[in-house]
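> I have a structure I would like to understand better, so I am pasting it below and will then ask my questions one at a time.
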Amino acid sequence: TSYGDFAAGELAVRVNTAERNEIVVGKWAEHAYGRKTVAFTCDIQHAHDLAEVFRSGGFAAAAVHGGTPTDQRRDALAALASGSLDVLCNCNLLTEGWDSPAVSCVVMARPTKSRGLYQQMIGRILRPADGKVDALVLDVTDNAKRHKLVTVSSLFGVERSDLAGLTVDEAERDEDAEREAKTSAREHDEEIDASPPVMLDGYLPTAAWHRWPATDKQLAAIARHGIDVGGYVLTRGEAAYLLDKAIQTKLAGPPTGKQAWRLRQSGIDPRGLTFRQASELIAELQEAAA
């Protein structure tokens, strides 16, 4: 690991092999031929090697990276947009600041530990365009197992088998009805007494002290995190549960301004990092400096 992601040099040794590159091209030909495609690679050599395997298979392909001359880069992007180029293999170039709505396939030929970077790469093919009805992700490095892809059911806040076979409109009506039923039940409970806040869904006390009243220190920490429990009186276990959720949310959220400044001072782009990843990088920098 280097700067929170796989070390590029070691990664390329594992991923940029003739066998893997041939499999990538074969699967692309099987599932994505005819789609304008962008492929993300481990390093510059991987971009060139993968493009060469595409060309040896009779497909129009090119490689671009940060060192590609501007005019060649511009020509390659224009060729992809016009359709004269089938696949554009790139290394750390087209993750942001580039937009070509007609591109409908991304080949994830490199893994990443960064959820933000993964989202940026997948996002390249999610732009709507005339005649474009879907987008295809060919993930040949198990990124989708590390970073869960959003599906129709997860968009509606559920992961249920009974959504199978429903159209989007039917699924939306089904979820609206369930949501209204939950809201009605919650309002009924609130008329009787203060109900547990929704953030406590899934909480179960497992120790005797969990049922004791929350401490003043816990309540002060909850207030600092901006957690509103209304008129509900928290137990010590519930307070601990809410604080743990708040901490996990913070760790998964973006870096603070101070963290971002510290990383930029060390030449590291903080965009796409989480608070946890930024903290780990800063700790590594401090250890290295010591």
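Starting from 1 in every chain, residues are counted up; chains themselves are A, B, ... following the order of the structure tokens, and ligands are numbered from 1 as listed.
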Which neighbours of Phe40 of chain A fall inside 8 Å, counting only C-alpha atoms, when residues of the same chain fewer than 3 positions from it are skipped, and could you give them as a list in words?

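Using only C-alpha atoms, the neighbours found are Ala47, Cys89, Asn90, Cys91, Asn92, Val106, Val107, Met108, Ala109, Arg110 and Met121 of chain A.
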
> Would you list the contacts of Ile23 of chain A as a PDB file with C-alpha atoms, in the first residue's frame, taking every protein, DNA or RNA residue within 12 Å and counting only C-alpha atoms, but skipping same-chain residues closer than 2 positions in sequence?


ATOM      1  CA  VAL A  15      -1.945  -7.109 -13.256  1.00  0.00           C
ATOM      2  CA  ASN A  16      -0.068  -6.185 -16.455  1.00  0.00           C
ATOM      3  CA  THR A  17       0.504  -9.682 -17.803  1.00  0.00           C
ATOM      4  CA  ALA A  18      -0.037 -11.023 -21.293  1.00  0.00           C
ATOM      5  CA  GLU A  19      -2.583 -13.572 -20.051  1.00  0.00           C
ATOM      6  CA  ARG A  20      -4.663 -10.988 -18.166  1.00  0.00           C
ATOM      7  CA  ASN A  21      -4.586  -8.479 -21.021  1.00  0.00           C
ATOM      8  CA  VAL A  25      -9.725  -7.996 -24.680  1.00  0.00           C
ATOM      9  CA  GLY A  26     -11.572 -11.290 -25.149  1.00  0.00           C
ATOM     10  CA  LYS A  27     -14.259 -10.384 -22.615  1.00  0.00           C
ATOM     11  CA  TRP A  28     -14.605  -6.907 -24.097  1.00  0.00           C
ATOM     12  CA  ALA A  29     -15.097  -8.433 -27.552  1.00  0.00           C
ATOM     13  CA  GLU A  30     -17.702 -10.815 -26.104  1.00  0.00           C
ATOM     14  CA  LEU A  50      -3.320  -3.295 -23.160  1.00  0.00           C
ATOM     15  CA  VAL A  53      -3.366  -6.323 -27.335  1.00  0.00           C
ATOM     16  CA  PHE A  54      -6.591  -4.622 -28.464  1.00  0.00           C
ATOM     17  CA  GLY A  57      -7.113  -8.359 -32.016  1.00  0.00           C
ATOM     18  CA  VAL A 107     -13.046  -1.507 -18.395  1.00  0.00           C
ATOM     19  CA  ALA A 109      -8.375  -3.200 -15.627  1.00  0.00           C
ATOM     20  CA  LEU A 138     -16.405  -4.704 -17.139  1.00  0.00           C
ATOM     21  CA  ASP A 139     -14.701  -5.188 -13.801  1.00  0.00           C
ATOM     22  CA  VAL A 140     -11.904  -7.724 -14.192  1.00  0.00           C
ATOM     23  CA  THR A 141     -10.176  -7.003 -10.865  1.00  0.00           C
TER      24      THR A 141
END

> Can you pull out the residues contacting Pro196 of chain A? Cut-off 9 Å, using only C-alpha atoms, and skip same-chain residues under 4 positions away; I want them as a PyMOL selection string.

chain A and resi 200-201+229-230+232-234

> Using the selection just defined, write its residues with all heavy atoms as a short mmCIF file (atom, residue, chain, number, x, y, z; two decimals), in the first residue's frame.


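The resulting part-v1.cif:
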data_model
loop_
_atom_site.label_atom_id
_atom_site.label_comp_id
_atom_site.auth_asym_id
_atom_site.auth_seq_id
_atom_site.Cartn_x
_atom_site.Cartn_y
_atom_site.Cartn_z
N LEU A 200 -31.72 4.83 15.95
CA LEU A 200 -31.55 3.69 16.83
C LEU A 200 -32.11 2.40 16.25
O LEU A 200 -32.09 1.36 16.91
CB LEU A 200 -32.21 3.96 18.19
CG LEU A 200 -31.48 4.94 19.10
CD1 LEU A 200 -32.32 5.28 20.32
CD2 LEU A 200 -30.13 4.36 19.53
N ASP A 201 -32.60 2.47 15.01
CA ASP A 201 -33.11 1.26 14.36
C ASP A 201 -31.98 0.22 14.32
O ASP A 201 -30.87 0.51 13.88
CB ASP A 201 -33.58 1.56 12.94
CG ASP A 201 -34.89 2.33 12.92
OD1 ASP A 201 -35.47 2.50 14.00
OD2 ASP A 201 -35.30 2.77 11.83
N VAL A 229 -32.26 13.93 19.13
CA VAL A 229 -33.10 12.81 19.53
C VAL A 229 -34.47 13.28 20.00
O VAL A 229 -35.25 12.50 20.55
CB VAL A 229 -32.43 11.98 20.65
CG1 VAL A 229 -31.14 11.36 20.14
CG2 VAL A 229 -32.17 12.84 21.89
N GLY A 230 -34.77 14.56 19.79
CA GLY A 230 -36.06 15.09 20.18
C GLY A 230 -36.23 15.03 21.69
O GLY A 230 -35.33 15.34 22.46
N TYR A 232 -36.72 12.26 23.34
CA TYR A 232 -36.45 10.90 23.80
C TYR A 232 -35.32 10.89 24.83
O TYR A 232 -34.29 11.56 24.65
CB TYR A 232 -36.08 10.02 22.60
CG TYR A 232 -35.89 8.57 22.95
CD1 TYR A 232 -36.99 7.75 23.20
CD2 TYR A 232 -34.61 8.03 23.03
CE1 TYR A 232 -36.81 6.41 23.52
CE2 TYR A 232 -34.44 6.69 23.35
CZ TYR A 232 -35.54 5.89 23.59
OH TYR A 232 -35.36 4.57 23.92
N VAL A 233 -35.49 10.13 25.90
CA VAL A 233 -34.47 10.01 26.95
C VAL A 233 -33.60 8.80 26.65
O VAL A 233 -34.06 7.66 26.68
CB VAL A 233 -35.12 9.86 28.34
CG1 VAL A 233 -34.04 9.71 29.41
CG2 VAL A 233 -36.01 11.06 28.64
N LEU A 234 -32.33 9.05 26.38
CA LEU A 234 -31.41 7.99 25.99
C LEU A 234 -30.91 7.18 27.18
O LEU A 234 -30.71 7.71 28.27
CB LEU A 234 -30.19 8.59 25.27
CG LEU A 234 -30.41 9.22 23.90
CD1 LEU A 234 -29.17 9.97 23.47
CD2 LEU A 234 -30.77 8.16 22.86
#

> Wanna dump the segment 75-156 of chain A-segment 270-280 of chain A contacts at 12 Å for me, each residue with its shortest atom pair and the distance in Å to one decimal, counting only C-alpha atoms, ordered by chain and number, as a tab-separated table?


residue	atom	partner	partner_atom	distance
A:Thr95	CA	A:Gly272	CA	10.7
A:Glu96	CA	A:Arg271	CA	10.6
A:Thr112	CA	A:Gly272	CA	11.7
A:Lys113	CA	A:Gln277	CA	10.0
A:Ser114	CA	A:Leu273	CA	6.9
A:Arg115	CA	A:Gly272	CA	7.4
A:Gly116	CA	A:Gly272	CA	4.2
A:Leu117	CA	A:Gly272	CA	5.8
A:Tyr118	CA	A:Gly272	CA	9.0
A:Gln119	CA	A:Gly272	CA	8.7
A:Gln120	CA	A:Gly272	CA	8.3
A:Met121	CA	A:Gly272	CA	11.2

> Which residues are near Leu93 of chain A? Cut-off 12 Å, only C-alpha atoms, ignore same chain within fewer than 3 positions. Put them as a VMD selection string.

chain A and resid 38 to 44 47 63 to 68 73 77 88 to 90 96 to 99 117 120 to 121 124

> Take the residues that were just selected and, keeping C-alpha atoms, output them as a PDB file, in the first residue's frame.


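What ended up in again22.pdb:
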ATOM      1  CA  VAL A  38     -12.477   3.768 -21.836  1.00  0.00           C
ATOM      2  CA  ALA A  39     -10.141   1.421 -19.936  1.00  0.00           C
ATOM      3  CA  PHE A  40      -8.361   2.311 -16.684  1.00  0.00           C
ATOM      4  CA  THR A  41      -4.911   0.783 -16.220  1.00  0.00           C
ATOM      5  CA  CYS A  42      -2.309   0.442 -13.450  1.00  0.00           C
ATOM      6  CA  ASP A  43       0.483   2.485 -14.986  1.00  0.00           C
ATOM      7  CA  ILE A  44       1.675   3.965 -18.281  1.00  0.00           C
ATOM      8  CA  ALA A  47      -1.969   1.386 -20.837  1.00  0.00           C
ATOM      9  CA  ALA A  63      -3.138   4.790 -24.955  1.00  0.00           C
ATOM     10  CA  VAL A  64      -3.018   8.172 -23.213  1.00  0.00           C
ATOM     11  CA  HIS A  65      -1.500   9.371 -19.963  1.00  0.00           C
ATOM     12  CA  GLY A  66      -0.210  12.529 -18.312  1.00  0.00           C
ATOM     13  CA  GLY A  67       2.918  12.508 -20.463  1.00  0.00           C
ATOM     14  CA  THR A  68       1.059  12.224 -23.770  1.00  0.00           C
ATOM     15  CA  ARG A  73      -4.224  13.434 -26.435  1.00  0.00           C
ATOM     16  CA  LEU A  77     -10.231  11.838 -27.378  1.00  0.00           C
ATOM     17  CA  LEU A  88      -8.985   4.364 -25.143  1.00  0.00           C
ATOM     18  CA  CYS A  89      -6.644   2.944 -22.491  1.00  0.00           C
ATOM     19  CA  ASN A  90      -5.518   5.529 -19.958  1.00  0.00           C
ATOM     20  CA  GLU A  96     -12.018  13.702 -13.680  1.00  0.00           C
ATOM     21  CA  GLY A  97     -12.332  16.826 -15.821  1.00  0.00           C
ATOM     22  CA  TRP A  98     -13.185  14.767 -18.908  1.00  0.00           C
ATOM     23  CA  ASP A  99     -16.667  14.287 -20.277  1.00  0.00           C
ATOM     24  CA  LEU A 117     -11.442   6.980  -7.187  1.00  0.00           C
ATOM     25  CA  GLN A 120     -14.844   8.761 -10.424  1.00  0.00           C
ATOM     26  CA  MET A 121     -13.844   6.058 -12.904  1.00  0.00           C
ATOM     27  CA  ARG A 124     -17.167   8.541 -16.756  1.00  0.00           C
TER      28      ARG A 124
END

> With distances taken over only C-alpha atoms, which of A:Arg262, A:Gln218, A:Pro111, A:Lys245 is nearest to Gly202 of chain A?

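Selected residue with least distance to Gly202 of chain A: A:Lys245.
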
> Near Val133 of chain A, within 12 Å and counting only C-alpha atoms, which residues show up once chain neighbours fewer than 2 positions away are dropped, as a short mmCIF file (atom, residue, chain, number, x, y, z; two decimals) with C-alpha atoms, in the first residue's frame?


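Heads up, here's the output in part18.cif:
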data_model
loop_
_atom_site.label_atom_id
_atom_site.label_comp_id
_atom_site.auth_asym_id
_atom_site.auth_seq_id
_atom_site.Cartn_x
_atom_site.Cartn_y
_atom_site.Cartn_z
CA ARG A 35 -19.52 0.38 -27.42
CA PRO A 101 -21.45 11.22 -22.77
CA ALA A 102 -21.52 8.79 -25.71
CA VAL A 103 -18.97 6.50 -24.03
CA SER A 104 -20.98 3.60 -22.59
CA CYS A 105 -18.41 1.08 -21.37
CA ILE A 125 -19.84 6.41 -18.44
CA LEU A 126 -22.92 7.59 -16.53
CA ARG A 127 -23.61 10.72 -18.61
CA PRO A 128 -26.89 10.60 -20.58
CA ALA A 129 -26.72 10.91 -24.36
CA ASP A 130 -29.10 10.59 -27.29
CA GLY A 131 -29.62 6.91 -28.09
CA ALA A 135 -23.78 1.66 -19.41
CA LEU A 136 -21.58 -1.41 -18.97
#

> Could you jot down the atom CA of Gly231 of chain A to atom CA of Ala207 of chain A separation for me, Å, one decimal place?

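It comes out at 24.2 Å.
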
> Quick one: pull the distance between atom CA of Thr235 of chain A and atom CA of Gly253 of chain A, Å, one decimal.

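The value is 26.9 Å.
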
> For Ala220 of chain A, which residue out of A:Ala252, A:Ala239, A:Ile268, A:Ala246 is the nearest one, using only C-alpha atoms?

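Looking only at the distances to Ala220 of chain A, the closest residue turns out to be A:Ala239.
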
> Using Å and a single decimal, report how far atom CA of Ala221 of chain A sits from atom CA of Ala208 of chain A.

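Atom CA of Ala221 of chain A lies 22.0 Å from atom CA of Ala208 of chain A.
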